[in-house]
>>> print(open('entry_20.csv').read())   # CSV, C-alpha atoms
chain,number,residue,atom,x,y,z
A,1425,MET,CA,51.7,138.4,146.9
A,1426,GLY,CA,48.8,140.7,147.7
A,1427,GLU,CA,45.2,140.5,146.7
A,1428,THR,CA,44.7,141.6,143.0
A,1429,LYS,CA,42.6,144.6,142.2
A,1430,VAL,CA,41.5,143.0,138.9
A,1431,LYS,CA,38.0,141.6,139.3
A,1432,LYS,CA,36.9,141.0,135.7
A,1433,MET,CA,38.8,140.7,132.4
A,1434,LEU,CA,37.0,141.3,129.1
A,1435,PHE,CA,38.9,140.1,126.0
A,1436,ILE,CA,38.2,141.0,122.4
A,1437,LEU,CA,39.8,138.5,120.0
A,1438,SER,CA,40.0,139.9,116.5
A,1439,LYS,CA,42.5,137.7,114.9
A,1440,GLY,CA,42.3,134.1,113.6
A,1441,THR,CA,45.8,133.0,114.1
A,1442,ILE,CA,46.5,130.3,116.6
A,1443,GLU,CA,48.9,132.3,118.7
A,1444,ASN,CA,46.4,135.1,119.2
A,1445,ALA,CA,43.6,132.6,120.1
A,1446,TYR,CA,45.8,130.9,122.6
A,1447,ALA,CA,46.9,134.3,124.1
A,1448,ALA,CA,43.2,135.1,124.8
A,1449,PHE,CA,42.5,131.6,126.1
A,1450,VAL,CA,45.5,131.3,128.4
A,1451,MET,CA,44.8,134.8,129.9
A,1452,ALA,CA,41.0,134.1,130.3
A,1453,ASN,CA,41.6,130.7,131.8
A,1454,GLY,CA,44.4,132.2,134.0
A,1455,ALA,CA,41.9,134.8,135.2
A,1456,ARG,CA,39.2,132.2,136.1
A,1457,MET,CA,41.9,130.1,137.9
A,1458,GLU,CA,42.6,133.1,140.1
A,1459,GLY,CA,39.0,133.7,140.8
A,1460,ILE,CA,38.7,136.6,138.4
A,1461,ASP,CA,35.7,136.8,136.0
A,1462,ALA,CA,36.5,136.5,132.3
A,1463,GLU,CA,34.6,136.9,129.0
A,1464,ILE,CA,35.8,136.8,125.4
A,1465,PHE,CA,34.2,138.7,122.5
A,1466,PHE,CA,35.1,137.0,119.2
A,1467,THR,CA,35.1,139.5,116.3
A,1468,PHE,CA,36.3,139.5,112.6
A,1469,PHE,CA,38.8,136.7,112.1
A,1470,GLY,CA,38.7,135.9,115.8
A,1471,LEU,CA,35.3,134.3,114.9
A,1472,GLU,CA,37.2,131.4,113.3
A,1473,ALA,CA,38.2,130.2,116.8
A,1474,VAL,CA,34.6,129.5,117.7
A,1475,GLN,CA,33.4,128.0,114.4
A,1476,LYS,CA,32.8,124.3,114.6
A,1477,LYS,CA,34.4,123.6,111.2
A,1478,LYS,CA,37.3,126.0,111.5
A,1479,LEU,CA,38.5,126.0,115.1
A,1480,GLU,CA,40.9,123.0,114.8
A,1481,HIS,CA,42.4,124.5,111.7
A,1482,LEU,CA,43.8,127.7,113.0
A,1483,HIS,CA,47.3,128.5,111.8
A,1484,VAL,CA,50.3,130.4,113.0
A,1485,ALA,CA,51.2,133.2,110.6
A,1486,THR,CA,54.5,132.5,108.9
A,1487,VAL,CA,54.4,135.6,106.6
A,1488,GLY,CA,54.8,139.1,108.0
A,1489,ASN,CA,55.9,137.6,111.3
A,1490,PRO,CA,59.5,138.5,112.0
A,1491,ALA,CA,59.6,136.4,115.2
A,1492,MET,CA,59.3,133.2,113.1
A,1493,HIS,CA,62.8,133.8,111.8
A,1494,ILE,CA,61.8,132.5,108.4
A,1495,PRO,CA,62.5,134.6,105.3
A,1496,THR,CA,59.2,136.1,104.2
A,1497,MET,CA,59.6,134.4,100.7
A,1498,LEU,CA,60.0,131.0,102.3
A,1499,GLY,CA,57.1,131.6,104.8
A,1500,GLY,CA,54.8,132.0,101.8
A,1501,LEU,CA,55.7,128.6,100.3
A,1502,PRO,CA,52.8,126.1,100.2
A,1503,GLY,CA,52.6,124.0,103.3
A,1504,MET,CA,54.8,126.3,105.3
A,1505,GLU,CA,52.0,127.5,107.6
A,1506,ALA,CA,50.7,124.0,108.2
A,1507,PHE,CA,54.2,122.8,109.0
A,1508,ALA,CA,55.0,125.6,111.4
A,1509,THR,CA,51.5,125.1,113.0
A,1510,LYS,CA,52.2,121.4,113.4
A,1511,MET,CA,55.5,122.1,115.1
A,1512,MET,CA,53.9,124.6,117.5
A,1513,LYS,CA,51.0,122.3,118.4
A,1514,LYS,CA,53.5,119.6,119.2
A,1515,GLU,CA,55.3,121.9,121.6
A,1516,MET,CA,52.0,123.0,123.1
A,1517,GLU,CA,51.0,119.4,123.7
A,1518,LYS,CA,54.2,118.8,125.6
A,1519,LEU,CA,53.2,121.6,128.0
A,1520,ASP,CA,49.7,120.0,128.3
A,1521,MET,CA,48.1,122.9,126.6
A,1522,PRO,CA,44.6,121.7,125.4
A,1523,PRO,CA,43.7,121.9,121.7
A,1524,VAL,CA,41.4,124.8,120.7
A,1525,GLY,CA,38.1,122.8,121.1
A,1526,GLU,CA,39.0,121.4,124.4
A,1527,PHE,CA,40.3,124.7,125.7
A,1528,LEU,CA,36.9,126.3,124.8
A,1529,GLU,CA,35.1,123.6,126.7
A,1530,ILE,CA,37.3,124.2,129.8
A,1531,LEU,CA,36.7,128.0,129.5
A,1532,SER,CA,32.9,127.6,129.2
A,1533,ASP,CA,32.8,125.1,132.1
A,1534,SER,CA,34.9,127.5,134.2
A,1535,GLY,CA,32.2,130.2,133.8
A,1536,CYS,CA,34.0,132.2,131.1
A,1537,LYS,CA,31.4,133.7,128.8
A,1538,LEU,CA,32.0,133.4,125.1
A,1539,TRP,CA,30.3,135.9,122.8
A,1540,GLY,CA,30.2,136.3,119.0
A,1541,CYS,CA,30.2,139.8,117.5
A,1542,LYS,CA,26.9,140.5,115.7
A,1543,LEU,CA,28.4,142.8,113.1
A,1544,ALA,CA,31.1,140.3,112.1
A,1545,VAL,CA,28.7,137.4,112.1
A,1546,ASP,CA,26.4,139.3,109.7
A,1547,MET,CA,29.4,140.4,107.6
A,1548,PHE,CA,30.6,136.8,107.1
A,1549,HIS,CA,27.1,135.6,106.6
A,1550,LEU,CA,27.3,133.1,109.5
A,1551,GLU,CA,24.5,131.5,111.4
A,1552,ARG,CA,24.2,130.4,115.0
A,1553,GLU,CA,24.7,126.7,114.0
A,1554,ASP,CA,28.1,127.5,112.5
A,1555,PHE,CA,29.3,128.1,116.1
A,1556,ILE,CA,30.1,125.8,119.0
A,1557,ASP,CA,27.3,125.0,121.4
A,1558,GLU,CA,29.3,126.7,124.2
A,1559,LEU,CA,28.9,130.2,122.6
A,1560,ASP,CA,26.8,132.2,125.0
A,1561,GLY,CA,25.2,134.4,122.3
A,1562,ILE,CA,25.8,136.8,119.5
A,1563,ILE,CA,25.8,140.4,120.8
A,1564,THR,CA,26.9,143.9,119.8
A,1565,ILE,CA,29.9,145.7,121.0
A,1566,GLY,CA,27.6,147.9,123.0
A,1567,ASP,CA,26.2,144.8,124.8
A,1568,PHE,CA,29.8,143.7,125.4
A,1569,TYR,CA,30.7,147.0,127.1
A,1570,SER,CA,27.7,146.6,129.4
A,1571,ARG,CA,29.4,143.4,130.6
A,1572,ALA,CA,31.9,145.8,132.2
A,1573,ASP,CA,29.6,146.1,135.1
A,1574,GLN,CA,31.9,146.2,138.1
A,1575,GLU,CA,34.9,148.0,139.6
A,1576,GLY,CA,38.2,146.5,138.6
A,1577,THR,CA,37.0,145.5,135.1
A,1578,HIS,CA,39.7,145.6,132.4
A,1579,LEU,CA,39.2,145.3,128.6
A,1580,LEU,CA,41.9,143.9,126.3
A,1581,PHE,CA,42.1,143.9,122.5
A,1582,ILE,CA,43.9,141.0,120.9
B,1426,MET,CA,56.2,131.1,159.2
B,1427,LYS,CA,54.2,129.3,161.9
B,1428,LYS,CA,50.4,129.2,162.1
B,1429,MET,CA,48.0,127.6,164.6
B,1430,ILE,CA,45.6,125.4,162.7
B,1431,ALA,CA,43.4,122.9,164.5
B,1432,GLN,CA,45.3,123.3,167.7
B,1433,ARG,CA,48.6,122.5,166.0
B,1434,GLU,CA,51.5,124.6,165.0
B,1435,ILE,CA,51.9,124.3,161.3
B,1436,ASP,CA,54.6,125.7,159.0
B,1437,VAL,CA,53.2,127.7,156.1
B,1438,ASN,CA,54.5,130.1,153.4
B,1439,GLU,CA,53.4,133.7,153.1
B,1440,GLU,CA,50.4,132.6,151.0
B,1441,GLY,CA,49.3,130.1,153.6
B,1442,TYR,CA,50.3,126.9,151.8
B,1443,LEU,CA,51.7,124.2,154.0
B,1444,LEU,CA,55.5,123.6,153.8
B,1445,ASP,CA,55.4,120.1,155.2
B,1446,PHE,CA,52.7,117.7,154.1
B,1447,SER,CA,53.3,115.5,157.1
B,1448,GLN,CA,51.8,118.2,159.3
B,1449,TRP,CA,48.5,117.9,157.4
B,1450,ASN,CA,45.5,115.9,158.6
B,1451,ARG,CA,41.8,116.1,157.9
B,1452,GLU,CA,41.2,118.5,160.8
B,1453,VAL,CA,43.8,120.9,159.4
B,1454,GLY,CA,42.1,120.5,155.9
B,1455,GLN,CA,38.7,121.3,157.5
B,1456,GLU,CA,40.0,124.4,159.2
B,1457,LEU,CA,41.8,125.7,156.1
B,1458,ALA,CA,38.6,125.2,154.2
B,1459,ALA,CA,36.6,127.0,156.8
B,1460,GLU,CA,38.9,130.0,156.4
B,1461,LYS,CA,37.8,130.0,152.7
B,1462,ASN,CA,34.2,129.7,153.8
B,1463,ILE,CA,34.0,126.1,152.4
B,1464,THR,CA,32.4,123.3,154.3
B,1465,LEU,CA,33.9,120.1,153.1
B,1466,THR,CA,31.6,117.4,151.8
B,1467,ASP,CA,32.4,113.9,150.5
B,1468,ARG,CA,32.8,115.3,147.0
B,1469,HIS,CA,35.4,117.8,148.3
B,1470,TRP,CA,37.3,114.9,150.0
B,1471,GLU,CA,37.3,112.9,146.8
B,1472,VAL,CA,38.9,115.8,145.0
B,1473,ILE,CA,41.4,116.4,147.8
B,1474,ASP,CA,42.4,112.7,147.8
B,1475,TYR,CA,42.9,112.9,144.0
B,1476,LEU,CA,45.1,116.1,144.3
B,1477,GLN,CA,47.2,114.6,147.1
B,1478,ASP,CA,47.6,111.4,145.1
B,1479,LYS,CA,48.8,113.3,142.1
B,1480,HIS,CA,51.2,115.4,144.3
B,1481,HIS,CA,52.7,112.2,145.8
B,1482,LYS,CA,53.2,110.8,142.3
B,1483,GLU,CA,54.9,114.1,141.4
B,1484,GLU,CA,52.5,114.7,138.6
B,1485,ALA,CA,51.8,118.3,137.7
B,1486,LEU,CA,48.3,119.6,138.4
B,1487,SER,CA,46.4,121.5,135.7
B,1488,ILE,CA,42.8,122.3,134.9
B,1489,ARG,CA,43.2,120.0,131.9
B,1490,GLY,CA,44.2,117.2,134.2
B,1491,ILE,CA,41.1,117.8,136.3
B,1492,LYS,CA,39.0,117.6,133.1
B,1493,LYS,CA,40.6,114.2,132.3
B,1494,SER,CA,40.7,113.0,135.9
B,1495,GLY,CA,37.4,111.0,135.9
B,1496,VAL,CA,36.9,112.2,139.5
B,1497,ILE,CA,35.3,115.5,138.8
B,1498,ASN,CA,34.4,117.8,135.9
B,1499,VAL,CA,35.6,121.4,135.5
B,1500,LYS,CA,32.2,122.9,136.2
B,1501,GLU,CA,31.8,121.1,139.5
B,1502,PHE,CA,35.4,121.8,140.5
B,1503,TYR,CA,34.7,125.5,140.2
B,1504,SER,CA,31.5,125.2,142.2
B,1505,LEU,CA,33.1,123.2,145.0
B,1506,PHE,CA,36.1,125.5,145.3
B,1507,PRO,CA,35.1,129.1,144.5
B,1508,GLY,CA,37.6,131.8,144.0
B,1509,GLY,CA,40.2,130.0,142.0
B,1510,PRO,CA,39.7,126.2,142.3
B,1511,LEU,CA,43.2,124.8,142.0
B,1512,LYS,CA,44.6,127.5,144.2
B,1513,VAL,CA,42.0,127.0,146.9
B,1514,SER,CA,41.9,123.2,146.7
B,1515,THR,CA,45.6,122.7,146.9
B,1516,LEU,CA,45.8,125.0,149.9
B,1517,ILE,CA,43.2,122.9,151.7
B,1518,ALA,CA,44.9,119.7,150.6
B,1519,GLY,CA,48.2,120.8,152.2
B,1520,ILE,CA,50.2,120.6,149.0
B,1521,PRO,CA,52.0,123.4,147.0
B,1522,LYS,CA,50.2,125.8,144.8
B,1523,PRO,CA,50.6,124.6,141.2
B,1524,LYS,CA,53.1,126.6,139.2
B,1525,SER,CA,51.6,126.1,135.7
B,1526,CYS,CA,50.0,128.9,133.8
B,1527,ILE,CA,47.4,126.5,132.5
>>> encode(input="entry_20.csv", output="structure tokens")
Amino acid sequence: MGETKVKKMLFILSKGTIENAYAAFVMANGARMEGIDAEIFFTFFGLEAVQKKKLEHLHVATVGNPAMHIPTMLGGLPGMEAFATKMMKKEMEKLDMPPVGEFLEILSDSGCKLWGCKLAVDMFHLEREDFIDELDGIITIGDFYSRADQEGTHLLFI
Amino acid sequence: MKKMIAQREIDVNEEGYLLDFSQWNREVGQELAAEKNITLTDRHWEVIDYLQDKHHKEEALSIRGIKKSGVINVKEFYSLFPGGPLKVSTLIAGIPKPKSCI
């Protein structure tokens, strides 16, 4: 395999479901493990993944998700999301995938920058202390674009 | 393919990973590290010992495993082996590149 042309990956995580959070985390961690820079911008419901009180309670969506193969009516029953999430977390643990909080620690220690979106933070009336210590700051989308400061930077919306 | 490392002919794959751990010794490790512009310190050797030990026990390597290892933390691991720490450290240690996505 040849040398990659990708030098930096910028991710925007806009969703608060566990599968989307993990998609961002696995790709960002995978980048760092290959020597590629990585940063994640958490916006809208994606902010749930970096809020101290919420990050361990992300759920998989059982309604409106045809790949769950559960009839929509059943997916909406009380406890269904929690059950599906529990099953998924069990499978993840088998693969040695870290829980959300631990994954964020690994990402931060690996040099992956974690940013909160200022607009969404204001909209949800959140404060700095609602977020994990590893959050590198609360910035605007313009600030985030300026992080694309080198050749081979790619931006991905999740 | 064959590659001359530390005056020895060593079997490596196309990415430069050793195919036969018995051909590895500390001089080979040192030369592989030098190719990556890394000068091995005692800390590096502690990590290399850990990686080789895990490999011999056939336990999969992952960044989470490093975090739990008690040998080194993730931050230091990245600073000791820049440019993809597990990839670089396993190459120097003479063991296969980990296949895991995490």
>>> residues_around(input="entry_20.csv", residues="Lys1522 of chain B", least_positions_apart="6", cutoff="7 Å", atoms="all atoms listed in the file", output="compact mmCIF listing (two decimals) with C-alpha atoms, in the coordinates of the input")
# COMPACT_ATOMS: atom_id res chain seq x y z
CA LYS B 1512 44.60 127.50 144.20
CA THR B 1515 45.60 122.70 146.90
CA LEU B 1516 45.80 125.00 149.90
>>> interface_residues(input="entry_20.csv", of="chain A", to="chain B", cutoff="7 Å", atoms="all atoms listed in the file", output="number ranges by chain")
A: 1450, 1454, 1456-1459, 1521-1522, 1530, 1533-1534
>>> residues_around(input="entry_20.csv", residues="Val1487 of chain A", least_positions_apart="3", cutoff="7 Å", atoms="all atoms listed in the file", output="ChimeraX atom specification")
/A:1496,1499-1500
>>> residues_around(input="entry_20.csv", residues="Asp1546 of chain A", least_positions_apart="5", cutoff="12 Å", atoms="all atoms listed in the file", output="ChimeraX atom specification")
/A:1467-1468,1471,1540-1541,1551-1552,1562-1564
>>> atom_distance(input="entry_20.csv", atom1="atom CA of Gly1566 of chain A", atom2="atom CA of Phe1465 of chain A")
11.3 Å
>>> atom_distance(input="entry_20.csv", atom1="atom CA of Thr1464 of chain B", atom2="atom CA of Lys1427 of chain B")
23.9 Å
>>> atom_distance(input="entry_20.csv", atom1="atom CA of Cys1536 of chain A", atom2="atom CA of Gly1454 of chain B")
28.6 Å
>>> closest_residue(input="entry_20.csv", among="A:Leu1538, A:Met1492, A:Ala1506, A:Val1545", to="Phe1568 of chain A", atoms="all atoms listed in the file")
A:Leu1538
>>> residues_around(input="entry_20.csv", residues="Pro1521 of chain B", least_positions_apart="2", cutoff="8 Å", atoms="all atoms listed in the file", output="list in words")
Tyr1442, Leu1443, Leu1444, Thr1515, Leu1516, Gly1519 and Pro1523 of chain B
>>> residues_near_point(input="entry_20.csv", point="(50.8, 126.8, 119.2)", cutoff="7 Å", atoms="all atoms listed in the file", output="ChimeraX atom specification")
/A:1442-1443,1509,1512-1513,1516
>>> residues_near_point(input="entry_20.csv", point="(36.5, 133.9, 117.1)", cutoff="8 Å", atoms="all atoms listed in the file", output="ChimeraX atom specification")
/A:1437-1440,1445,1465-1475,1540
>>> residues_around(input="entry_20.csv", residues="Ile1430 of chain B", least_positions_apart="3", cutoff="7 Å", atoms="all atoms listed in the file", output="number ranges by chain")
B: 1433-1435, 1453, 1456
>>> closest_residue(input="entry_20.csv", among="B:Ile1517, B:Asp1474, B:Glu1452, B:Gly1495", to="Val1437 of chain B", atoms="all atoms listed in the file")
B:Ile1517
>>> closest_residue(input="entry_20.csv", among="A:Leu1434, A:Tyr1446, A:Lys1510, A:Lys1476", to="Glu1553 of chain A", atoms="all atoms listed in the file")
A:Lys1476
>>> closest_residue(input="entry_20.csv", among="A:Gln1574, A:Thr1441, A:Ala1447, A:Pro1502", to="Ala1485 of chain A", atoms="all atoms listed in the file")
A:Thr1441
>>> closest_residue(input="entry_20.csv", among="B:Met1426, B:Leu1476, B:Leu1486, B:Ala1431", to="Trp1449 of chain B", atoms="all atoms listed in the file")
B:Ala1431
